[in-house]
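> The structure's right below; bear with me while I get my questions together.
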Amino acid sequence: LDGALATIDVGLAYRDDTLSEWTEMAHSIEQRKLSCNFTTTKTYENEGRYYECDLLPFMELGNVAHKYYLLNIRLPVSERKKINMGIGEIKDIRLVGIHQNGGFTKVWFAMKTFLTPSILIIMVWYWRRITLMTRPPVLLEKVIFALGLCMTFINIPVEWFSVGFNWTWMLLFGDIRQGIFYAMLLSFWIIFCGEHLMDQMERNHFSIYWKQVGPIVFGSFCLFIFDMCERGVQLKNPFYSIWASDVGTELAMAFIIVAGICACLYFLFLCFMVFQVFRNISGKRSSLPAMSKARRLHYEGLIFRFKFLMLVTLTCAAMTVIFFIISQVNEGHWHWGDYTVQVNSAFFTGIYGMWNLYVFAIMFLYAPSHKRYGDEQSSDAGASGEDIQLTTTITHVDGPTEIYKMTGKEAQE
């Protein structure tokens with residue numbers, strides 16, 4: 001029995017009331033490799049006991065829009081074609097269903113409905129602040145706005161429409177949205193750190209980051225291809241599974257392992273960049289004692305807030321990497337045998353809320369100041385110039401923040 005190939009003739013039908021006829025939704029002939037063990041010793045006393053078989057992937061529906069479903073499972077036998085000849089006598093079939101429960105659905109819908117207008121409002125406010133400036137937006141401001149767009153895209157509660165429409169592509173669409181956000185968020189962190197490392201001549205050019213952003217885009221494209229290989233096919237055949245064949249299982253396992261390793265390497269590289277930013281800021285801090293007391297205290301406060309923001313960024317990145325790895329493992333945990341990892345709803349909604357809060361905070365902190373942004377350049381370098389923006393947010397006319405300008409002074413000096 002162990003390693004035997006079972007051929008299954010399966011069909012799925014639906015109806016919305018108890019009187020109407022069943023409408024066929026899908027039909028397929030699938031093959032699944034059995035992995036069965038006899039849990040006791042093979043003696044005369046144990047004759048008649050059953051083999052215990054591992055769970056097999058059966059089907060996946062992206063949306064359940066109908067009231068009643070009918071599942072037909074047939075095991076055809078053919079001696080001439082050698083179909084189902086080596087699987088033994090089937091005595092029992094158990095189906096394990098995994099679904100999104102009602103409690104989580106209510107919380108998830110409520111979060112998306114509330115967060116969508118919240119991020120949209122801050123994003124419109126943020127871009128309006130940028131358009132009020134006399135200078136064109138810098139690269140960092142453009143990337144922050146793009147991050148806000150991606151966050152809004154993933155927030156839009158299209159799940160509401162799945163209640164009344166049979167949108168079977170919802171799972172695939174959700175994966176695509178999350179993949180786009182992952183790519184944007186990981187690219188933003190690289191550019192965010194890089195822009196605080198470059199001098200004034202190098203920064204504000206997207207082409208500088210192609211070596212870092214290129215692999216992120218390529219990795220996201222590979223994730224999309226991998227997803228299309230399973231969920232893309234499942235749009236037509238919900239019984240298809242990449243885990244059904246040995247080659248598919250090995251490829252899927254290899255992909256998950258490589259994705260996890262790449263995520264860890266990215267986090268280590270980000271830690272290195274944050275360390276470099278801290279070292280750069282510490283070098284600039286040596287010039288603070290020469291300033292007046294009020295200006296020095298102002299810049300020390302800015303540096304403290306900026307370092308705190310960088311630590312929050314690193315924490316957010318760590319949680320995102322952990323969530324990504326656990327999500328990938330959880331996708332295939334039914335196919336791993338005894339090793340299972342569960343992602344509970346609190347962790348899932350917590351990460352989602354953290355992303356929204358982080359994007360909201362970044363747009364709020366990096367919005368250009370509307371106070372005195374036009375006449376700041378004309379201020380003298382004397383005592384009046386030392387009191388620049390002591391009461392405003394951490395923003396500056398030459399860039400999104402004073403920290404941003406301070407880290408880029410080296411080339412000009």
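By order of appearance in the structure tokens: chains A, B, ..., then residues from 1 within every chain, and ligands from 1 in the order shown.
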So that I can check the surroundings of Phe348 of chain A, please list as a list in words every protein, DNA and RNA residue that reaches within 12 Å of it, counting only C-alpha atoms and ignoring chain neighbours fewer than 5 positions away.

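These residues fall inside the cut-off: Phe104, Val107, Trp108, Met111, Met319, Thr320, Ile322, Phe323, Phe324, Ile326, Ser327, Gln342, Val343, Gly353, Met354 and Trp355 of chain A.
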
> Atoms to include: all heavy atoms. Write the selected residues as a short mmCIF file (atom, residue, chain, number, x, y, z; two decimals), in the first residue's frame.


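Output contents, as saved in part-v4.cif:
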data_model
loop_
_atom_site.label_atom_id
_atom_site.label_comp_id
_atom_site.auth_asym_id
_atom_site.auth_seq_id
_atom_site.Cartn_x
_atom_site.Cartn_y
_atom_site.Cartn_z
N PHE A 104 -13.66 35.37 12.76
CA PHE A 104 -12.52 36.01 12.09
C PHE A 104 -12.98 36.83 10.89
O PHE A 104 -12.45 37.92 10.64
CB PHE A 104 -11.52 34.94 11.64
CG PHE A 104 -10.39 35.49 10.82
CD1 PHE A 104 -9.34 36.16 11.42
CD2 PHE A 104 -10.38 35.34 9.44
CE1 PHE A 104 -8.29 36.68 10.67
CE2 PHE A 104 -9.34 35.85 8.68
CZ PHE A 104 -8.30 36.52 9.30
N VAL A 107 -14.21 40.26 12.03
CA VAL A 107 -13.09 41.13 12.42
C VAL A 107 -12.32 41.60 11.19
O VAL A 107 -11.96 42.77 11.06
CB VAL A 107 -12.16 40.38 13.40
CG1 VAL A 107 -10.89 41.19 13.67
CG2 VAL A 107 -12.87 40.09 14.71
N TRP A 108 -12.08 40.68 10.27
CA TRP A 108 -11.30 40.97 9.06
C TRP A 108 -12.02 42.00 8.19
O TRP A 108 -11.42 42.96 7.71
CB TRP A 108 -11.08 39.68 8.29
CG TRP A 108 -10.12 39.75 7.16
CD1 TRP A 108 -10.38 39.49 5.84
CD2 TRP A 108 -8.73 40.11 7.20
NE1 TRP A 108 -9.26 39.66 5.08
CE2 TRP A 108 -8.23 40.03 5.88
CE3 TRP A 108 -7.88 40.48 8.23
CZ2 TRP A 108 -6.90 40.32 5.57
CZ3 TRP A 108 -6.55 40.78 7.92
CH2 TRP A 108 -6.08 40.69 6.61
N MET A 111 -11.95 45.46 9.98
CA MET A 111 -10.63 46.10 9.90
C MET A 111 -10.41 46.73 8.52
O MET A 111 -9.98 47.88 8.41
CB MET A 111 -9.52 45.08 10.18
CG MET A 111 -9.32 44.75 11.64
SD MET A 111 -7.90 43.66 11.90
CE MET A 111 -6.53 44.76 11.54
N MET A 319 9.14 41.16 12.12
CA MET A 319 7.82 40.54 12.21
C MET A 319 7.29 40.15 10.83
O MET A 319 6.66 39.10 10.67
CB MET A 319 6.84 41.49 12.89
CG MET A 319 7.17 41.82 14.34
SD MET A 319 7.19 40.35 15.40
CE MET A 319 5.47 39.91 15.41
N THR A 320 7.57 40.99 9.83
CA THR A 320 7.13 40.68 8.46
C THR A 320 7.83 39.44 7.92
O THR A 320 7.19 38.58 7.30
CB THR A 320 7.40 41.89 7.54
OG1 THR A 320 6.70 43.04 8.04
CG2 THR A 320 6.95 41.61 6.12
N ILE A 322 9.18 36.99 9.70
CA ILE A 322 8.66 35.84 10.45
C ILE A 322 7.30 35.42 9.92
O ILE A 322 7.02 34.24 9.69
CB ILE A 322 8.59 36.16 11.95
CG1 ILE A 322 10.00 36.31 12.54
CG2 ILE A 322 7.83 35.07 12.71
CD1 ILE A 322 10.03 36.87 13.95
N PHE A 323 6.43 36.42 9.68
CA PHE A 323 5.09 36.14 9.17
C PHE A 323 5.16 35.51 7.78
O PHE A 323 4.41 34.56 7.49
CB PHE A 323 4.28 37.44 9.12
CG PHE A 323 2.90 37.27 8.53
CD1 PHE A 323 1.92 36.62 9.25
CD2 PHE A 323 2.61 37.75 7.26
CE1 PHE A 323 0.64 36.46 8.71
CE2 PHE A 323 1.36 37.59 6.73
CZ PHE A 323 0.36 36.96 7.45
N PHE A 324 6.06 36.00 6.93
CA PHE A 324 6.20 35.45 5.58
C PHE A 324 6.64 33.99 5.63
O PHE A 324 6.07 33.14 4.94
CB PHE A 324 7.22 36.28 4.79
CG PHE A 324 7.57 35.69 3.45
CD1 PHE A 324 6.70 35.78 2.38
CD2 PHE A 324 8.78 35.02 3.27
CE1 PHE A 324 7.01 35.23 1.16
CE2 PHE A 324 9.10 34.47 2.04
CZ PHE A 324 8.21 34.57 0.98
N ILE A 326 6.40 31.81 8.17
CA ILE A 326 5.35 30.96 8.77
C ILE A 326 4.20 30.77 7.79
O ILE A 326 3.62 29.68 7.70
CB ILE A 326 4.86 31.57 10.09
CG1 ILE A 326 5.97 31.48 11.15
CG2 ILE A 326 3.62 30.85 10.61
CD1 ILE A 326 5.61 32.08 12.50
N SER A 327 3.86 31.82 7.03
CA SER A 327 2.78 31.70 6.05
C SER A 327 3.13 30.69 4.97
O SER A 327 2.28 29.89 4.56
CB SER A 327 2.51 33.06 5.39
OG SER A 327 2.10 33.99 6.35
N GLN A 342 0.85 26.39 12.96
CA GLN A 342 -0.44 27.05 12.88
C GLN A 342 -0.28 28.55 13.05
O GLN A 342 0.43 29.01 13.93
CB GLN A 342 -1.38 26.50 13.97
CG GLN A 342 -1.73 25.03 13.77
CD GLN A 342 -2.69 24.53 14.84
OE1 GLN A 342 -2.98 25.25 15.79
NE2 GLN A 342 -3.16 23.32 14.68
N VAL A 343 -0.92 29.31 12.17
CA VAL A 343 -0.94 30.76 12.29
C VAL A 343 -2.34 31.15 12.77
O VAL A 343 -3.31 30.98 12.05
CB VAL A 343 -0.65 31.42 10.93
CG1 VAL A 343 -0.65 32.94 11.08
CG2 VAL A 343 0.67 30.95 10.38
N GLY A 353 -2.53 44.91 11.01
CA GLY A 353 -2.68 46.19 11.69
C GLY A 353 -1.36 46.92 11.85
O GLY A 353 -1.30 48.15 11.73
N MET A 354 -0.29 46.17 12.11
CA MET A 354 1.05 46.76 12.26
C MET A 354 1.49 47.43 10.96
O MET A 354 2.03 48.54 10.97
CB MET A 354 2.06 45.67 12.66
CG MET A 354 3.49 46.15 12.79
SD MET A 354 4.67 44.79 12.87
CE MET A 354 4.63 44.20 11.17
N TRP A 355 1.25 46.77 9.82
CA TRP A 355 1.60 47.36 8.52
C TRP A 355 0.89 48.69 8.32
O TRP A 355 1.50 49.67 7.91
CB TRP A 355 1.23 46.41 7.39
CG TRP A 355 2.12 45.23 7.25
CD1 TRP A 355 3.40 45.10 7.73
CD2 TRP A 355 1.81 43.99 6.60
NE1 TRP A 355 3.90 43.86 7.41
CE2 TRP A 355 2.96 43.16 6.73
CE3 TRP A 355 0.70 43.49 5.94
CZ2 TRP A 355 3.00 41.88 6.20
CZ3 TRP A 355 0.73 42.22 5.41
CH2 TRP A 355 1.88 41.41 5.54
#

> If we count only C-alpha atoms, what is near segment 206-216 of chain A at a cut-off of 10 Å, once residues fewer than 6 positions away on the same chain are taken out, given as a VMD selection string?

chain A and resid 139 to 140 143 182 to 184 186 to 188 190 to 191 194 to 195 198 222 262 to 263 266 269

> Excluding Phe165 of chain A and residues on its chain fewer than 5 positions from it, collect all residues at most 12 Å away from it, counting only C-alpha atoms, and give them as a PyMOL selection string.

chain A and resi 62-66+158-160+170

> Limited to all heavy atoms, could you put the picked residues into a file as a compact mmCIF listing (two decimals), in the first residue's frame?


# COMPACT_ATOMS: atom_id res chain seq x y z
N GLY A 62 -11.87 28.80 -3.89
CA GLY A 62 -11.54 30.19 -3.56
C GLY A 62 -12.70 30.95 -2.98
O GLY A 62 -12.52 32.00 -2.36
N ASN A 63 -13.91 30.46 -3.17
CA ASN A 63 -15.10 31.15 -2.68
C ASN A 63 -16.24 30.15 -2.53
O ASN A 63 -16.37 29.23 -3.33
CB ASN A 63 -15.49 32.27 -3.66
CG ASN A 63 -16.59 33.14 -3.11
OD1 ASN A 63 -16.69 33.32 -1.90
ND2 ASN A 63 -17.44 33.67 -3.98
N VAL A 64 -17.03 30.33 -1.48
CA VAL A 64 -18.19 29.45 -1.25
C VAL A 64 -19.43 30.33 -1.30
O VAL A 64 -19.89 30.86 -0.29
CB VAL A 64 -18.09 28.73 0.11
CG1 VAL A 64 -19.24 27.76 0.28
CG2 VAL A 64 -16.76 28.00 0.23
N ALA A 65 -19.98 30.50 -2.51
CA ALA A 65 -21.08 31.44 -2.72
C ALA A 65 -22.44 30.76 -2.73
O ALA A 65 -23.46 31.44 -2.72
CB ALA A 65 -20.87 32.20 -4.03
N HIS A 66 -22.48 29.42 -2.76
CA HIS A 66 -23.75 28.70 -2.84
C HIS A 66 -24.09 28.05 -1.49
O HIS A 66 -23.22 27.85 -0.64
CB HIS A 66 -23.68 27.64 -3.93
CG HIS A 66 -23.32 28.20 -5.28
ND1 HIS A 66 -24.20 28.95 -6.04
CD2 HIS A 66 -22.15 28.15 -5.99
CE1 HIS A 66 -23.60 29.31 -7.17
NE2 HIS A 66 -22.35 28.84 -7.16
N VAL A 158 -12.61 44.15 -1.02
CA VAL A 158 -13.33 43.47 -2.11
C VAL A 158 -13.99 42.19 -1.60
O VAL A 158 -14.85 41.63 -2.28
CB VAL A 158 -12.38 43.14 -3.29
CG1 VAL A 158 -11.90 44.39 -3.97
CG2 VAL A 158 -11.19 42.31 -2.82
N GLU A 159 -13.60 41.75 -0.40
CA GLU A 159 -14.20 40.54 0.17
C GLU A 159 -15.71 40.69 0.37
O GLU A 159 -16.44 39.69 0.40
CB GLU A 159 -13.54 40.19 1.51
CG GLU A 159 -12.13 39.64 1.40
CD GLU A 159 -11.08 40.72 1.28
OE1 GLU A 159 -11.46 41.92 1.26
OE2 GLU A 159 -9.89 40.41 1.21
N TRP A 160 -16.17 41.94 0.51
CA TRP A 160 -17.61 42.17 0.65
C TRP A 160 -18.37 41.64 -0.57
O TRP A 160 -19.47 41.10 -0.44
CB TRP A 160 -17.90 43.66 0.82
CG TRP A 160 -17.69 44.19 2.22
CD1 TRP A 160 -16.70 45.03 2.63
CD2 TRP A 160 -18.47 43.90 3.38
NE1 TRP A 160 -16.81 45.29 3.99
CE2 TRP A 160 -17.90 44.61 4.47
CE3 TRP A 160 -19.59 43.12 3.62
CZ2 TRP A 160 -18.41 44.55 5.76
CZ3 TRP A 160 -20.11 43.07 4.91
CH2 TRP A 160 -19.52 43.77 5.96
N MET A 170 -10.75 34.82 -5.82
CA MET A 170 -10.46 35.66 -4.67
C MET A 170 -9.14 35.28 -3.98
O MET A 170 -8.38 36.16 -3.56
CB MET A 170 -11.60 35.59 -3.66
CG MET A 170 -12.81 36.42 -4.04
SD MET A 170 -12.45 38.18 -4.16
CE MET A 170 -12.03 38.55 -2.47

> Got a sec to tell me which of segment 205-370 of chain A DSSP assigns to helix (DSSP H, G or I), as a PyMOL selection string?

chain A and resi 206-234+242-244+246-285+288-290+293-331+333-335+345-365

> Of the candidates A:Leu19, A:Leu70, A:Leu5, A:Leu12, which one gets nearest to Ile83 of chain A if we count only C-alpha atoms?

A:Leu5

> Would you mind listing what lies within 12 Å of Pro117 of chain A as a VMD selection string, with only C-alpha atoms counted and same-chain residues fewer than 2 positions away left out?

chain A and resid 111 to 115 119 to 124 148 151 to 153 155 to 157 356 360

> Residues at most 12 Å from Trp127 of chain A, counting only C-alpha atoms, excluding those fewer than 2 positions away in the same chain, as a list in words?

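Residues near the query, excluding close chain neighbours: Leu120, Ile121, Ile122, Met123, Val124, Trp125, Arg129, Ile130, Thr131, Leu132, Met133, Pro136, Pro137, Glu141, Lys142, Val143, Ile144, Phe145, Ala146, Gly148, Leu149, Met363, Phe364, Tyr366, Ala367, Pro368 and Ser369 of chain A.
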
> Any idea what's packed within 7 Å of segment 32-40 of chain A, counting only C-alpha atoms, ignoring anything in its chain fewer than 4 positions away? Could you give it as an MDAnalysis selection string?

chainID A and resid 1:7 51:54 244

> Now that the selection is made, can you save its residues with N, CA, C and O atoms as an mmCIF file, in the first residue's frame?


data_model
loop_
_atom_site.group_PDB
_atom_site.id
_atom_site.type_symbol
_atom_site.label_atom_id
_atom_site.label_comp_id
_atom_site.auth_asym_id
_atom_site.auth_seq_id
_atom_site.Cartn_x
_atom_site.Cartn_y
_atom_site.Cartn_z
ATOM 1 N N LEU A 1 0.816 -1.209 0.000
ATOM 2 C CA LEU A 1 0.000 0.000 0.000
ATOM 3 C C LEU A 1 0.851 1.260 0.000
ATOM 4 O O LEU A 1 0.486 2.251 -0.597
ATOM 5 N N ASP A 2 1.973 1.253 0.684
ATOM 6 C CA ASP A 2 2.794 2.455 0.769
ATOM 7 C C ASP A 2 3.388 2.768 -0.596
ATOM 8 O O ASP A 2 4.105 1.964 -1.176
ATOM 9 N N GLY A 3 3.066 3.970 -1.121
ATOM 10 C CA GLY A 3 3.550 4.360 -2.436
ATOM 11 C C GLY A 3 2.623 3.985 -3.568
ATOM 12 O O GLY A 3 2.917 4.302 -4.728
ATOM 13 N N ALA A 4 1.502 3.346 -3.278
ATOM 14 C CA ALA A 4 0.551 2.970 -4.328
ATOM 15 C C ALA A 4 -0.136 4.214 -4.876
ATOM 16 O O ALA A 4 -0.350 5.198 -4.172
ATOM 17 N N LEU A 5 -0.490 4.164 -6.161
ATOM 18 C CA LEU A 5 -1.114 5.297 -6.824
ATOM 19 C C LEU A 5 -2.617 5.078 -6.910
ATOM 20 O O LEU A 5 -3.078 4.113 -7.513
ATOM 21 N N ALA A 6 -3.377 5.979 -6.289
ATOM 22 C CA ALA A 6 -4.835 5.885 -6.306
ATOM 23 C C ALA A 6 -5.397 6.839 -7.354
ATOM 24 O O ALA A 6 -5.026 8.011 -7.398
ATOM 25 N N THR A 7 -6.271 6.317 -8.214
ATOM 26 C CA THR A 7 -6.944 7.138 -9.218
ATOM 27 C C THR A 7 -8.355 7.448 -8.729
ATOM 28 O O THR A 7 -9.124 6.538 -8.394
ATOM 29 N N TYR A 51 -4.949 -0.109 7.735
ATOM 30 C CA TYR A 51 -3.756 0.736 7.567
ATOM 31 C C TYR A 51 -4.121 2.186 7.891
ATOM 32 O O TYR A 51 -5.251 2.624 7.656
ATOM 33 N N GLU A 52 -3.176 2.917 8.428
ATOM 34 C CA GLU A 52 -3.357 4.354 8.664
ATOM 35 C C GLU A 52 -2.612 5.113 7.565
ATOM 36 O O GLU A 52 -1.408 4.941 7.389
ATOM 37 N N CYS A 53 -3.343 5.963 6.827
ATOM 38 C CA CYS A 53 -2.757 6.688 5.700
ATOM 39 C C CYS A 53 -2.634 8.184 6.010
ATOM 40 O O CYS A 53 -3.467 8.748 6.730
ATOM 41 N N ASP A 54 -1.590 8.811 5.459
ATOM 42 C CA ASP A 54 -1.409 10.259 5.640
ATOM 43 C C ASP A 54 -2.481 11.025 4.879
ATOM 44 O O ASP A 54 -3.061 10.530 3.904
ATOM 45 N N ALA A 244 0.553 16.805 -5.488
ATOM 46 C CA ALA A 244 0.083 15.458 -5.823
ATOM 47 C C ALA A 244 1.176 14.582 -6.429
ATOM 48 O O ALA A 244 1.128 13.357 -6.322
#
